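Chemist: To be precise about what I am sending: the file is called model.txt and holds compact mmCIF, C-alpha atoms.
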```txt
# COMPACT_ATOMS: atom_id res chain seq x y z
CA MET A 4 -22.44 -15.16 51.36
CA PRO A 5 -22.20 -17.06 48.03
CA PRO A 6 -23.66 -20.57 47.93
CA PRO A 7 -21.15 -23.45 48.16
CA VAL A 8 -19.76 -24.73 44.88
CA PRO A 9 -21.16 -28.21 44.18
CA LEU A 10 -18.53 -30.92 44.37
CA PRO A 11 -17.82 -33.03 41.31
CA ARG A 12 -18.57 -36.72 41.59
CA LEU A 13 -15.39 -37.95 39.96
CA ILE A 14 -11.80 -36.78 39.56
CA ALA A 15 -9.95 -38.16 36.54
CA THR A 16 -6.23 -37.51 36.50
CA ASP A 17 -3.35 -38.33 34.25
CA LEU A 18 -0.16 -39.48 35.98
CA ASP A 19 3.14 -38.55 34.31
CA GLY A 20 3.60 -34.81 34.12
CA THR A 21 0.33 -34.32 36.00
CA LEU A 22 -0.16 -36.14 39.30
CA LEU A 23 3.39 -37.45 39.57
CA ARG A 24 6.40 -35.27 40.16
CA ASP A 25 9.24 -35.41 37.66
CA ASP A 26 11.02 -38.09 39.70
CA LYS A 27 7.86 -40.26 39.34
CA THR A 28 6.91 -39.97 43.01
CA VAL A 29 3.60 -38.98 44.57
CA SER A 30 4.10 -36.14 47.04
CA GLY A 31 2.77 -36.29 50.57
CA ARG A 32 0.49 -33.37 49.83
CA THR A 33 -0.99 -35.19 46.84
CA VAL A 34 -1.47 -38.41 48.80
CA ALA A 35 -3.36 -36.46 51.46
CA ALA A 36 -5.51 -34.64 48.88
CA LEU A 37 -6.50 -37.90 47.14
CA ALA A 38 -7.45 -39.46 50.47
CA ALA A 39 -9.49 -36.38 51.43
CA ALA A 40 -11.32 -36.44 48.09
CA GLU A 41 -12.35 -40.06 48.53
CA GLU A 42 -13.37 -39.43 52.14
CA ALA A 43 -15.64 -36.66 50.85
CA GLY A 44 -17.31 -39.13 48.49
CA LEU A 45 -15.50 -38.26 45.24
CA ALA A 46 -14.35 -41.12 43.04
CA VAL A 47 -10.73 -40.85 41.93
CA VAL A 48 -9.70 -42.56 38.69
CA PHE A 49 -6.18 -42.60 37.29
CA VAL A 50 -6.32 -42.27 33.49
CA THR A 51 -2.93 -42.87 31.94
CA GLY A 52 -0.96 -43.98 28.93
CA ARG A 53 0.99 -46.34 31.17
CA PRO A 54 0.51 -50.09 30.85
CA ALA A 55 -1.04 -51.94 33.77
CA ARG A 56 2.31 -53.34 34.92
CA TRP A 57 3.50 -49.78 35.67
CA MET A 58 0.61 -49.02 38.02
CA GLY A 59 2.09 -50.42 41.22
CA LEU A 60 3.59 -46.99 41.87
CA VAL A 61 0.15 -45.47 42.54
CA ALA A 62 -1.98 -48.47 43.46
CA GLU A 63 -1.62 -47.79 47.18
CA HIS A 64 -2.98 -44.26 46.77
CA VAL A 65 -6.44 -45.32 45.56
CA HIS A 66 -8.68 -45.94 48.52
CA GLY A 67 -12.38 -46.72 48.11
CA HIS A 68 -12.24 -46.75 44.30
CA GLY A 69 -9.72 -49.10 42.78
CA MET A 70 -10.11 -48.73 39.04
CA ALA A 71 -7.57 -47.23 36.66
CA ILE A 72 -7.80 -46.63 32.94
CA CYS A 73 -4.51 -47.59 31.31
CA ALA A 74 -2.83 -47.64 27.90
CA ASN A 75 -4.72 -44.52 26.74
CA GLY A 76 -8.09 -46.16 27.28
CA ALA A 77 -7.27 -49.63 25.95
CA ALA A 78 -7.52 -51.30 29.38
CA VAL A 79 -9.35 -50.89 32.66
CA VAL A 80 -7.45 -52.30 35.64
CA ASP A 81 -8.56 -53.12 39.18
CA LEU A 82 -5.77 -51.84 41.42
CA HIS A 83 -7.24 -53.57 44.46
CA ARG A 84 -7.09 -56.98 42.83
CA GLY A 85 -3.49 -57.31 41.74
CA LEU A 86 -3.77 -55.17 38.58
CA GLU A 87 -6.49 -57.46 37.23
CA LEU A 88 -7.69 -56.52 33.74
CA VAL A 89 -11.40 -55.71 33.85
CA GLU A 90 -11.86 -54.49 30.28
CA VAL A 91 -9.73 -54.53 27.12
CA CYS A 92 -10.20 -52.56 23.87
CA PRO A 93 -7.47 -53.94 21.60
CA LEU A 94 -5.91 -52.65 18.41
CA PRO A 95 -6.68 -55.25 15.72
CA LEU A 96 -3.52 -56.89 14.39
CA ALA A 97 -4.53 -56.24 10.77
CA ASP A 98 -4.78 -52.51 11.45
CA ALA A 99 -1.44 -52.53 13.28
CA VAL A 100 0.26 -54.24 10.34
CA THR A 101 -1.24 -51.70 7.94
CA ILE A 102 -0.07 -48.81 10.11
CA VAL A 103 3.46 -50.21 10.21
CA GLY A 104 3.53 -50.34 6.41
CA VAL A 105 2.28 -46.77 6.06
CA LEU A 106 4.74 -45.35 8.57
CA ARG A 107 7.66 -47.20 7.01
CA THR A 108 6.73 -45.48 3.73
CA ILE A 109 6.05 -41.94 4.95
CA ALA A 110 8.67 -41.88 7.72
CA PRO A 111 11.61 -44.15 6.87
CA GLY A 112 13.68 -44.96 9.91
CA THR A 113 10.68 -45.48 12.21
CA ALA A 114 11.24 -48.15 14.85
CA PHE A 115 8.36 -50.00 16.48
CA ALA A 116 7.37 -51.65 19.74
CA VAL A 117 4.21 -53.34 20.97
CA GLU A 118 2.30 -53.37 24.25
CA HIS A 119 0.22 -56.52 24.72
CA THR A 120 -1.83 -57.29 27.80
CA GLY A 121 0.90 -59.76 28.73
CA GLY A 122 3.93 -57.58 28.17
CA PHE A 123 6.19 -55.58 25.88
CA GLY A 124 8.18 -56.36 22.74
CA ARG A 125 10.34 -54.21 20.50
CA GLU A 126 12.39 -54.06 17.36
CA PRO A 127 16.19 -54.05 17.70
CA GLY A 128 16.28 -50.39 16.62
CA TYR A 129 13.69 -49.21 19.15
CA PRO A 130 15.74 -47.29 21.72
CA LEU A 131 13.23 -46.80 24.53
CA HIS A 132 13.29 -49.90 26.69
CA ARG A 133 10.12 -50.49 28.70
CA GLY A 134 10.97 -53.75 30.34
CA PRO A 135 11.93 -57.28 29.38
CA GLY A 136 10.34 -58.86 26.36
CA PRO A 137 11.03 -60.26 22.92
CA ILE A 138 13.23 -58.35 20.47
CA ALA A 139 12.30 -58.97 16.84
CA PRO A 140 11.04 -57.24 13.68
CA VAL A 141 7.62 -55.79 14.40
CA GLU A 142 6.05 -57.95 11.70
CA LYS A 143 7.06 -60.98 13.75
CA LEU A 144 5.83 -59.40 16.97
CA LEU A 145 2.45 -58.83 15.32
CA ALA A 146 2.17 -62.26 13.67
CA GLU A 147 -1.12 -63.96 14.49
CA ASP A 148 0.74 -67.21 15.16
CA GLY A 149 3.63 -65.51 16.95
CA GLU A 150 4.84 -65.64 20.53
CA ARG A 151 1.94 -63.54 21.78
CA ALA A 152 -0.80 -65.19 19.75
CA GLY A 153 -4.12 -64.63 21.49
CA ASP A 154 -2.69 -61.88 23.71
CA PRO A 155 -4.61 -58.66 22.87
CA LEU A 156 -2.56 -55.78 21.48
CA LEU A 157 -3.15 -52.63 23.52
CA LYS A 158 -0.81 -50.21 21.78
CA LEU A 159 1.56 -49.97 18.86
CA LEU A 160 4.48 -47.64 19.58
CA ALA A 161 6.37 -45.85 16.81
CA TYR A 162 9.56 -43.88 17.37
CA HIS A 163 11.43 -41.67 14.92
CA PRO A 164 14.92 -40.38 15.77
CA ASP A 165 14.88 -37.27 13.60
CA LEU A 166 11.34 -35.94 13.11
CA GLY A 167 9.75 -33.41 15.42
CA ALA A 168 7.14 -34.88 17.75
CA ASP A 169 4.17 -32.89 16.44
CA GLU A 170 5.36 -33.24 12.83
CA PHE A 171 5.47 -37.02 13.18
CA LEU A 172 2.03 -37.09 14.78
CA ARG A 173 0.45 -35.00 12.02
CA ALA A 174 2.03 -37.12 9.28
CA ALA A 175 0.95 -40.38 10.89
CA ARG A 176 -2.63 -39.23 11.35
CA ALA A 177 -2.82 -38.05 7.76
CA GLY A 178 -1.38 -41.28 6.38
CA ALA A 179 -2.87 -43.95 8.62
CA GLY A 180 -5.60 -42.29 10.68
CA ALA A 181 -8.24 -44.58 9.18
CA HIS A 182 -6.67 -47.55 10.96
CA GLY A 183 -6.08 -46.34 14.53
CA GLU A 184 -6.02 -43.50 17.04
CA PHE A 185 -2.65 -41.69 17.12
CA THR A 186 -1.43 -39.62 20.03
CA ARG A 187 1.69 -38.92 22.08
CA SER A 188 2.56 -38.33 25.71
CA THR A 189 6.27 -37.45 25.72
CA SER A 190 8.43 -34.71 24.26
CA SER A 191 10.13 -37.12 21.85
CA ALA A 192 8.79 -38.32 18.49
CA LEU A 193 7.13 -41.35 20.07
CA LEU A 194 3.63 -42.13 18.85
CA GLU A 195 1.15 -44.30 20.72
CA VAL A 196 -1.46 -46.01 18.55
CA SER A 197 -4.72 -47.50 19.86
CA GLY A 198 -7.70 -49.06 18.13
CA LEU A 199 -10.10 -46.80 16.27
CA GLY A 200 -12.35 -44.95 18.69
CA VAL A 201 -10.25 -45.89 21.72
CA SER A 202 -9.02 -43.02 23.87
CA LYS A 203 -8.87 -41.93 27.47
CA ALA A 204 -12.14 -40.09 26.86
CA SER A 205 -14.05 -43.00 25.32
CA THR A 206 -13.23 -45.38 28.14
CA LEU A 207 -13.75 -42.78 30.86
CA ALA A 208 -17.14 -41.85 29.37
CA ARG A 209 -18.18 -45.49 29.34
CA TYR A 210 -16.91 -45.99 32.90
CA CYS A 211 -18.86 -42.95 34.11
CA GLY A 212 -21.96 -43.89 32.13
CA THR A 213 -22.30 -47.24 33.86
CA ARG A 214 -22.22 -45.41 37.20
CA GLY A 215 -24.67 -42.67 36.28
CA ILE A 216 -22.01 -39.96 36.32
CA ALA A 217 -22.43 -37.20 33.72
CA ALA A 218 -19.55 -35.42 32.02
CA GLU A 219 -20.56 -32.24 33.87
CA GLU A 220 -19.84 -34.03 37.16
CA VAL A 221 -16.24 -34.86 36.20
CA VAL A 222 -13.09 -32.80 36.82
CA ALA A 223 -10.10 -33.91 34.73
CA PHE A 224 -6.39 -33.09 34.83
CA GLY A 225 -3.74 -33.53 32.13
CA ASP A 226 -0.67 -32.17 30.39
CA MET A 227 -0.10 -33.83 26.99
CA PRO A 228 -1.90 -34.45 23.68
CA ASN A 229 -3.06 -37.91 24.78
CA ASP A 230 -5.15 -36.13 27.44
CA LEU A 231 -6.96 -33.79 25.04
CA GLU A 232 -10.07 -35.88 24.36
CA MET A 233 -10.56 -36.56 28.07
CA LEU A 234 -10.07 -32.91 28.98
CA THR A 235 -12.54 -31.64 26.40
CA TRP A 236 -15.10 -34.31 27.40
CA ALA A 237 -15.06 -33.50 31.11
CA GLY A 238 -17.27 -30.74 32.42
CA ARG A 239 -14.30 -29.03 34.02
CA SER A 240 -10.72 -29.54 32.97
CA TYR A 241 -7.36 -28.38 34.26
CA ALA A 242 -4.14 -28.05 32.31
CA MET A 243 -0.98 -28.22 34.34
CA ALA A 244 1.27 -25.15 34.07
CA ASN A 245 3.83 -27.42 32.38
CA ALA A 246 1.30 -28.66 29.80
CA HIS A 247 1.65 -28.82 26.02
CA PRO A 248 0.36 -25.65 24.30
CA GLU A 249 -2.61 -27.50 22.78
CA VAL A 250 -3.66 -28.67 26.22
CA LEU A 251 -3.32 -25.18 27.69
CA ALA A 252 -5.58 -23.89 24.91
CA ALA A 253 -8.22 -26.62 25.25
CA THR A 254 -9.00 -26.68 28.97
CA THR A 255 -11.46 -24.69 31.02
CA ASP A 256 -8.94 -23.97 33.79
CA ARG A 257 -5.25 -24.09 34.66
CA THR A 258 -3.40 -25.13 37.77
CA ALA A 259 0.17 -25.21 39.04
CA ALA A 260 2.79 -27.49 37.54
CA ASN A 261 3.15 -31.14 38.51
CA GLU A 262 6.28 -30.24 40.47
CA GLU A 263 4.15 -27.84 42.52
CA ASP A 264 1.32 -30.31 43.30
CA GLY A 265 -1.16 -28.69 40.93
CA VAL A 266 -3.71 -31.50 41.23
CA ALA A 267 -3.61 -31.43 45.02
CA LEU A 268 -4.05 -27.65 44.97
CA VAL A 269 -7.31 -27.90 43.00
CA ILE A 270 -8.65 -30.77 45.12
CA GLU A 271 -7.98 -28.75 48.28
CA GLN A 272 -9.82 -25.75 46.79
CA LEU A 273 -12.79 -27.92 45.73
CA LEU A 274 -13.13 -29.40 49.20
CA GLN A 275 -12.79 -26.00 50.89
CA GLY A 276 -15.59 -24.64 48.68
CA ARG A 277 -18.15 -27.16 49.87
```
When written as structure tokens, how does the structure in this file appear?
Modeler:
Amino acid sequence: MPPPVPLPRLIATDLDGTLLRDDKTVSGRTVAALAAAEEAGLAVVFVTGRPARWMGLVAEHVHGHGMAICANGAAVVDLHRGLELVEVCPLPLADAVTIVGVLRTIAPGTAFAVEHTGGFGREPGYPLHRGPGPIAPVEKLLAEDGERAGDPLLKLLAYHPDLGADEFLRAARAGAGAHGEFTRSTSSALLEVSGLGVSKASTLARYCGTRGIAAEEVVAFGDMPNDLEMLTWAGRSYAMANAHPEVLAATTDRTAANEEDGVALVIEQLLQGR
């Protein structure tokens, strides 16, 4: 009889397109699997591009461990303490302003929005509403003496109505990659820009390091380019069946699609193999 497979110490999972179903719900099977993982002593950490204010949907499904990594690594949030910000890794305003100038030059027609720790703001031409907030030219939204002065900038968002998503990402990285980390998490040409060196992987690695958890003891799940660094850092990584081709190529393993509870399926298998 083969020896039992050692359990990981931590499960890191993306949300949209990964843990959540397409209607943004958490299935009963997934809820049960997360609870069973924590009961078995595994830490569960949500690692998402979502801002903290969008985490209420899953806050009730974290049991013993209440931390979530949000905004692609720019914030760590305590879900047990009213979405309290524990750590922030902001995008410097000067870099954001430089990025805006570059993208306006290389991709005319780009519209911008901003995610601060205190909320969201957008340009009039930015079509993807993410909640209430100021509407103004991005230069005003990024002004050091503006409405959100002193409120750390977590992400700059850039949307182009005509370019392909991967085309826009490649162009932005080539033109402004020295000033921020560029990624994307949707099928549209919507870029998410964090501070240099800030990613899901960097914050997850730091989080694990302070708890004595090695990369080899982490199992990670994801589906989009903003998950790539995390998935390649973790000792074992699963791409959802619905994942972006780059994610499918980069992971050690694959699982079923988010609509088929792919994360829950793997957790069940891990616990059965003890």
Chemist: When distances are computed from all atoms listed in the file, which of A:Leu194, A:Ala139, A:Ala181, A:Leu231 shows the smallest separation from Glu249 in chain A?
Modeler: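 Under the stated criterion, the closest residue is A:Leu231.
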Chemist: Between A:Thr21, A:Ala40, A:Val89, A:Gly31, which residue has the minimum interatomic distance to His247 in chain A, considering only C-alpha atoms?
Modeler: A:Thr21
Chemist: Can you work out which one of A:Thr186, A:Val48, A:Pro135, A:Ala110 has the shortest atom-to-atom distance to Leu166 in chain A, counting all atoms listed in the file?
Modeler: A:Ala110
Chemist: With a distance cut-off of 12 Å and all atoms listed in the file, select the neighbouring residues of Ala217 in chain A, excluding the residue or stretch itself and same-chain residues fewer than 3 positions from it, and output the selection as an mmCIF file with C-alpha atoms, keeping the file's coordinate frame.
Modeler:
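Full text of result_7.cif as output:
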```cif
data_model
loop_
_atom_site.group_PDB
_atom_site.id
_atom_site.type_symbol
_atom_site.label_atom_id
_atom_site.label_comp_id
_atom_site.auth_asym_id
_atom_site.auth_seq_id
_atom_site.Cartn_x
_atom_site.Cartn_y
_atom_site.Cartn_z
ATOM 1 C CA PRO A 11 -17.820 -33.030 41.310
ATOM 2 C CA ARG A 12 -18.570 -36.720 41.590
ATOM 3 C CA LEU A 13 -15.390 -37.950 39.960
ATOM 4 C CA LEU A 207 -13.750 -42.780 30.860
ATOM 5 C CA ALA A 208 -17.140 -41.850 29.370
ATOM 6 C CA ARG A 209 -18.180 -45.490 29.340
ATOM 7 C CA TYR A 210 -16.910 -45.990 32.900
ATOM 8 C CA CYS A 211 -18.860 -42.950 34.110
ATOM 9 C CA GLY A 212 -21.960 -43.890 32.130
ATOM 10 C CA THR A 213 -22.300 -47.240 33.860
ATOM 11 C CA ARG A 214 -22.220 -45.410 37.200
ATOM 12 C CA GLU A 220 -19.840 -34.030 37.160
ATOM 13 C CA VAL A 221 -16.240 -34.860 36.200
ATOM 14 C CA VAL A 222 -13.090 -32.800 36.820
ATOM 15 C CA TRP A 236 -15.100 -34.310 27.400
ATOM 16 C CA ALA A 237 -15.060 -33.500 31.110
ATOM 17 C CA GLY A 238 -17.270 -30.740 32.420
ATOM 18 C CA ARG A 239 -14.300 -29.030 34.020
#
```
Chemist: For Gln275 in chain A, find every residue with an atom within 12 Å (counting only C-alpha atoms), except residues of its own chain fewer than 4 positions away, and show them as JSON, numbers by chain.
Modeler: {"A": [7, 8, 9, 10, 36, 39, 40, 43, 268, 269, 270, 271]}
Chemist: Residues proximal to (2.7, -46.5, 43.0) were defined as those with any atom within 12 Å of that point in the file's coordinates, counting all atoms listed in the file. Which are they, as an MDAnalysis selection string?
Modeler: chainID A and resid 18:19 22:23 27:30 34 49 53 55:65 82 86
Chemist: Can you find the residues with an atom no farther than 9 Å from (5.5, -54.4, 19.0), counting all atoms listed in the file, and report them as a CSV table (one decimal) with C-alpha atoms, in the frame of the given file?
Modeler:
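Contents of out_7.csv, as written:
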```csv
chain,number,residue,atom,x,y,z
A,115,PHE,CA,8.4,-50.0,16.5
A,116,ALA,CA,7.4,-51.6,19.7
A,117,VAL,CA,4.2,-53.3,21.0
A,118,GLU,CA,2.3,-53.4,24.2
A,119,HIS,CA,0.2,-56.5,24.7
A,123,PHE,CA,6.2,-55.6,25.9
A,124,GLY,CA,8.2,-56.4,22.7
A,125,ARG,CA,10.3,-54.2,20.5
A,126,GLU,CA,12.4,-54.1,17.4
A,137,PRO,CA,11.0,-60.3,22.9
A,138,ILE,CA,13.2,-58.4,20.5
A,139,ALA,CA,12.3,-59.0,16.8
A,140,PRO,CA,11.0,-57.2,13.7
A,141,VAL,CA,7.6,-55.8,14.4
A,142,GLU,CA,6.0,-58.0,11.7
A,143,LYS,CA,7.1,-61.0,13.8
A,144,LEU,CA,5.8,-59.4,17.0
A,145,LEU,CA,2.4,-58.8,15.3
A,156,LEU,CA,-2.6,-55.8,21.5
A,158,LYS,CA,-0.8,-50.2,21.8
A,159,LEU,CA,1.6,-50.0,18.9
A,160,LEU,CA,4.5,-47.6,19.6
A,161,ALA,CA,6.4,-45.8,16.8
```
Chemist: If I take CA of Ala223 in chain A and CA of Tyr241 in chain A, how far is one from the other in Å, to one decimal?
Modeler: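 CA of Ala223 in chain A sits 6.2 Å away from CA of Tyr241 in chain A.
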Chemist: With distances taken over only C-alpha atoms, which residue among A:Pro95, A:Pro54, A:Gly128, A:Thr235 lies nearest Thr255 in chain A?
Modeler: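 Checking each candidate against Thr255 in chain A, we get A:Thr235 as the closest.
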Chemist: Do you know which residues are at most 10 Å from Asp256 in chain A counting only C-alpha atoms, after dropping those on the same chain fewer than 3 positions away, and could you put them as a short mmCIF file (atom, residue, chain, number, x, y, z; two decimals) with C-alpha atoms, in the frame of the given file?
Modeler:
```cif
data_model
loop_
_atom_site.label_atom_id
_atom_site.label_comp_id
_atom_site.auth_asym_id
_atom_site.auth_seq_id
_atom_site.Cartn_x
_atom_site.Cartn_y
_atom_site.Cartn_z
CA PHE A 224 -6.39 -33.09 34.83
CA ARG A 239 -14.30 -29.03 34.02
CA SER A 240 -10.72 -29.54 32.97
CA TYR A 241 -7.36 -28.38 34.26
CA ALA A 242 -4.14 -28.05 32.31
CA MET A 243 -0.98 -28.22 34.34
CA LEU A 251 -3.32 -25.18 27.69
CA ALA A 252 -5.58 -23.89 24.91
CA ALA A 253 -8.22 -26.62 25.25
#
```
Chemist: So which one's closest to Leu131 in chain A, A:Val103, A:Leu193, A:Leu94, A:Leu88? Using only C-alpha atoms, please.
Modeler: A:Leu193
Chemist: List as a PyMOL selection string the protein and nucleic acid residues near Pro164 in chain A, meaning an atom at most 10 Å away when all atoms listed in the file are counted, but skip any in the same chain fewer than 2 places from it.
Modeler: chain A and resi 112-114+129-130+162+166-168+191-193
Chemist: Put those residues in a file: C-alpha atoms, as a CSV table (one decimal), keeping the file's coordinate frame.
Modeler:
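As written to disk, again_20.csv reads:
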```
chain,number,residue,atom,x,y,z
A,112,GLY,CA,13.7,-45.0,9.9
A,113,THR,CA,10.7,-45.5,12.2
A,114,ALA,CA,11.2,-48.2,14.8
A,129,TYR,CA,13.7,-49.2,19.2
A,130,PRO,CA,15.7,-47.3,21.7
A,162,TYR,CA,9.6,-43.9,17.4
A,166,LEU,CA,11.3,-35.9,13.1
A,167,GLY,CA,9.8,-33.4,15.4
A,168,ALA,CA,7.1,-34.9,17.8
A,191,SER,CA,10.1,-37.1,21.8
A,192,ALA,CA,8.8,-38.3,18.5
A,193,LEU,CA,7.1,-41.4,20.1
```
Chemist: Work out how far CA of Thr33 in chain A is from CA of Glu263 in chain A, in Å to one decimal.
Modeler: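 Separation between CA of Glu263 in chain A and CA of Thr33 in chain A: 10.0 Å.
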